[in-house]
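Note sheet for the following structure.
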Amino acid sequence: MKKAGIIIGMIILLLVAIVFFFPEVLYSSALGQRILMKLEGGQVAEFHYKENQQEKDTIYMKGVIYSNTLKDIKQALSENPSITTLVMEDVPGSIDDEINLVASLEIRKHNINTYIPENGMVASGGTDMFLAGKERAVHSTGKLGVHSWAGMDSVALDYPKDHKEHEKYLNYYAKMNIPLDFYWYTLEAAPADDIHWMTSKEMEQYNVATDLYDSLLDVQEKLASDAFKGRGTGNNDEAQELIKTHFENAGLLQFDNDYDVPFTFMDEKTKKERQGTNIVGYIKGKTYAERYIVIGAHYDHLGIVNDTIYNGADDNASGTSALLHMANYFSKNQPEHSIVFAAFDAEELGLHGSKDFVAKPYIPLENIVLNINFDMISRNPKNEIYVVGTFQYPQFKPAIEAVANKSSLVVSYGHDDPDDKTKDYWMHSSDNAPFFEKDIPNITFSEEDHPGYHKATDDTEATNPEFYINVVKLIKASIESIDQYFPYSKQ
Ligand SMILES: [Zn+2]
């Protein structure tokens, strides 16, 4: 027994000596890395399925990427070719960057999607792997962290931009179709021993999450489905409920303890009094809480006419879904000004919702510094969107132009000069009109009429997703720029 004790003691001593004199043995071997992680209270990356998981199309990952990760991924994918999604629950980094990039390429090669779930946390080398997903999504409570890297006695920013140390990362991001700006941004975002958690705005800017506009399209499709009965005023409860749910999820505030703002109006055709309901919520501004930008879009359409449902996918399920998208966006990126989100009813019957809004506003009209309106923004054969109102309010044109210059859209200005006889005058045609008549600056985004205009063929199938998404990006960036650098002095 004594002899055995001595031998074990000597083996331990030998191991300690090896680790002491050749620490790279520990760092570079899978076993050593496993031990290291354990000592640090962490764990190396492991792949698993959930208990009771019916379909094995989703695999879960937890832990630090290490020298065996490539092998593990290859094994998982070959054992189970039906995997489509890698859920990264908690992947704080990597202790083997070379392997990480190769393993990540393997993920892209198999067209796997990546997802950071509720309360998930992915950072550093984990973020690089996340970017390998073909489609990438982050839950609203999920976190994605970035930082710079450091060598033995130098940090990334010490190297000139064209140094080969940067190359492997730049090559990797190029392969992943991530703008190369992203790499330089990560070096500035936080030093190597710290982490910067990306904001939703940054995730959008750097194309980090690909799904940001999925729900824009989904919601438009839903609003324009037959179940919503064409959203005719008086028969559009489903649309109201959907809008309110989105407002609630975005955490919009209510003016009078309710998002519903019912109103009555005279129906011109029947000469009868009718009911409509605007849905209104707002976000308080950071700097100018008492100054309001009102973003409006009508959600009503023609309803059912002679047993035919007029779905109004473009007019104006497109604008309504864009409104909800922006409510969600600005609730996560607090604006300088307060922003009111108004889904107007009874536009098709004579702009009654917006007329009611300015007739009995919850906020003094002089506190409304701008109205932004969108009506029909999801299809145009010429890839052209009109910005209407800069003839009267030229102070907003530079901000919009700056954004438009970076867009692939054909951005045209017009329909707002009463003396231009070559174009219809639109200043009185949509929900911007009541604001215009009260001398409130207003800008409308809209396409020129298309063959589906006020026809039963205005369906989601005719939507051009790329055009629609680009228009929403244009409007959002324009609002953001105007909100931050509001041209007060020029008014
Ligand atoms: Zn319309």
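Residue numbering restarts at 1 for every chain of the structure tokens, chains are lettered A, B, ... in their displayed order, and ligands are numbered from 1 as they appear.
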Residues within 7 Å of ligand 1, counting only C-alpha atoms and all ligand atoms: report them as a count of residues only.
8
Practice prompt. Please report, as a PyMOL selection string, each residue of stretch 128-220 of chain A to which DSSP assigns strand (DSSP E or B) when run on this structure's backbone.
Written response: chain A and resi 136-138+143-146+150+155+196-197
Computed gap from atom CA of A:Asn333 to atom CA of A:Ala123 is 21.4 Å
| task | Determine which residues of stretch 317-453 of chain A DSSP labels as helix (DSSP H, G or I) from the backbone of this structure, then write them out as a PyMOL selection string. | result | chain A and resi 317-332+352-359+365-367+394-404+433-437
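Each of A:Met176, A:Val146, A:Ile295, A:Ala289 was compared to A:Gln334 using only C-alpha atoms, and A:Ala289 turns out to be the nearest.
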From atom CA of A:Gly350 to atom CA of A:Asp267 the spacing works out at 8.5 Å
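Residues in contact with A:Lys473 at up to 10 Å, not including ones fewer than 2 positions away on its chain and judged by only C-alpha atoms, are A:Tyr213, A:Ala322, A:Met326, A:Val403, A:Ala404, A:Ser407, A:Phe467, A:Tyr468, A:Ile469, A:Asn470, A:Val471, A:Ile475, A:Lys476, A:Ala477, A:Ser478, A:Ile479.
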The selected residues should be written to file as an mmCIF file, in the first residue's frame (atoms: C-alpha atoms).
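Once written, result-v2.cif looks like this:
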```
data_model
loop_
_atom_site.group_PDB
_atom_site.id
_atom_site.type_symbol
_atom_site.label_atom_id
_atom_site.label_comp_id
_atom_site.auth_asym_id
_atom_site.auth_seq_id
_atom_site.Cartn_x
_atom_site.Cartn_y
_atom_site.Cartn_z
ATOM 1 C CA TYR A 213 -38.078 41.822 -40.748
ATOM 2 C CA ALA A 322 -44.648 48.969 -40.456
ATOM 3 C CA MET A 326 -41.488 50.807 -35.464
ATOM 4 C CA VAL A 403 -30.703 58.220 -45.688
ATOM 5 C CA ALA A 404 -32.061 57.827 -49.243
ATOM 6 C CA SER A 407 -30.690 53.072 -50.053
ATOM 7 C CA PHE A 467 -38.900 46.698 -51.668
ATOM 8 C CA TYR A 468 -41.150 46.735 -48.607
ATOM 9 C CA ILE A 469 -38.286 46.052 -46.174
ATOM 10 C CA ASN A 470 -36.137 48.712 -47.823
ATOM 11 C CA VAL A 471 -38.938 51.266 -47.539
ATOM 12 C CA ILE A 475 -38.604 55.489 -43.050
ATOM 13 C CA LYS A 476 -37.155 54.227 -39.796
ATOM 14 C CA ALA A 477 -33.720 55.709 -40.412
ATOM 15 C CA SER A 478 -35.303 58.988 -41.530
ATOM 16 C CA ILE A 479 -37.374 59.225 -38.367
#
```
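Comparing the minimum interatomic distances between A:Pro262 and each of A:Gly353, A:Gly285, A:Gly133, A:Gly389, counting only C-alpha atoms, we find that A:Gly353 sits nearest.
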Find the nearest atom pair between each residue of stretch 385-404 of chain A and stretch 437-442 of chain A for residues within 12 Å, count only C-alpha atoms, give distances in Å to one decimal, sort rows by chain and ascending number, and present the table as CSV.
```
residue,atom,partner,partner_atom,distance
A:Val387,CA,A:Asn442,CA,10.4
A:Val388,CA,A:Asn442,CA,8.4
A:Gly389,CA,A:Asn442,CA,6.2
A:Thr390,CA,A:Asn442,CA,8.4
A:Phe391,CA,A:Asn442,CA,10.7
A:Gln392,CA,A:Pro441,CA,8.1
A:Tyr393,CA,A:Pro441,CA,6.5
A:Pro394,CA,A:Pro441,CA,10.0
A:Gln395,CA,A:Pro441,CA,9.8
A:Phe396,CA,A:Pro441,CA,9.3
A:Lys397,CA,A:Asn442,CA,11.7
```
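Take the candidates A:Ala132, A:Ile8, A:Val219, A:Ile385 and check each one against A:Thr320 using only C-alpha atoms; the shortest distance goes to A:Val219.
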Residue with the minimum atom-to-atom distance to A:Ile279, picked from A:Ile243, A:Leu365, A:Leu253, A:Ala45 with only C-alpha atoms counted, is A:Ile243
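Coordinates place atom CA of A:Phe445 at a distance of 25.5 Å from atom CA of A:Lys229.
Shortest separation to A:Asp218 among A:Phe374, A:Lys455, A:Ser354, A:Ser321 occurs at residue A:Ser321, atoms counted being only C-alpha atoms.
Nearest-residue note for A:Asn119: choosing from A:Asn432, A:Ser200, A:Thr69, A:Thr141, the minimum distance belongs to A:Thr141, counting only C-alpha atoms.
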How close does each residue of stretch 67-123 of chain A get to stretch 180-198 of chain A, giving the shortest atom pair and distance in Å to one decimal for every residue with an atom at most 10 Å away, counting only C-alpha atoms, sorted by chain and residue number, as CSV?
```
residue,atom,partner,partner_atom,distance
A:Pro92,CA,A:Ile195,CA,10.0
A:Met121,CA,A:Trp197,CA,9.6
A:Val122,CA,A:Trp197,CA,9.4
A:Ala123,CA,A:Ile195,CA,7.6
```
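If you count only C-alpha atoms and ignore residues fewer than 4 places along the chain from A:Gly303, what sits within 7 Å of it is Lys229, Gly230, Arg231, Gly232, Ile309 and Tyr310 of chain A.
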- [ ] Find the residues around A:Gln75 up to 12 Å (only C-alpha atoms counted), leave out those fewer than 5 positions away in its own chain, and share them as a ChimeraX atom specification.
- [x] /A:46-47,68-70,80-81,83,103,106-107
*Within 12 Å of A:Gly151, counting only C-alpha atoms, which residues show up once you throw out same-chain ones fewer than 3 positions away? Write them as an NGL selection string, please.*
:A and (148 or 154-159 or 165 or 191-193)
Just the selected residues (C-alpha atoms), exported as a PDB file, in the first residue's frame, please.
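Written output follows (part.pdb):
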```pdb
ATOM      1  CA  SER A 148     -11.546  43.211 -28.919  1.00  0.00           C
ATOM      2  CA  SER A 154      -0.265  43.666 -27.759  1.00  0.00           C
ATOM      3  CA  VAL A 155      -3.924  44.413 -28.422  1.00  0.00           C
ATOM      4  CA  ALA A 156      -5.770  44.225 -31.731  1.00  0.00           C
ATOM      5  CA  LEU A 157      -5.827  47.962 -32.311  1.00  0.00           C
ATOM      6  CA  ASP A 158      -1.999  48.107 -32.049  1.00  0.00           C
ATOM      7  CA  TYR A 159      -1.801  46.447 -35.442  1.00  0.00           C
ATOM      8  CA  GLU A 165      -3.413  39.473 -37.795  1.00  0.00           C
ATOM      9  CA  PRO A 191     -11.261  45.787 -24.509  1.00  0.00           C
ATOM     10  CA  ALA A 192     -10.352  42.094 -24.555  1.00  0.00           C
ATOM     11  CA  ASP A 193     -11.025  41.617 -20.843  1.00  0.00           C
TER      12      ASP A 193
END
```
Q. Which polymer residues have any atom within 10 Å of an atom of A:Met203, counting only C-alpha atoms, with same-chain residues fewer than 6 positions away left out, as an MDAnalysis selection string?
A. chainID A and resid 137:138 144 182 209:210 212
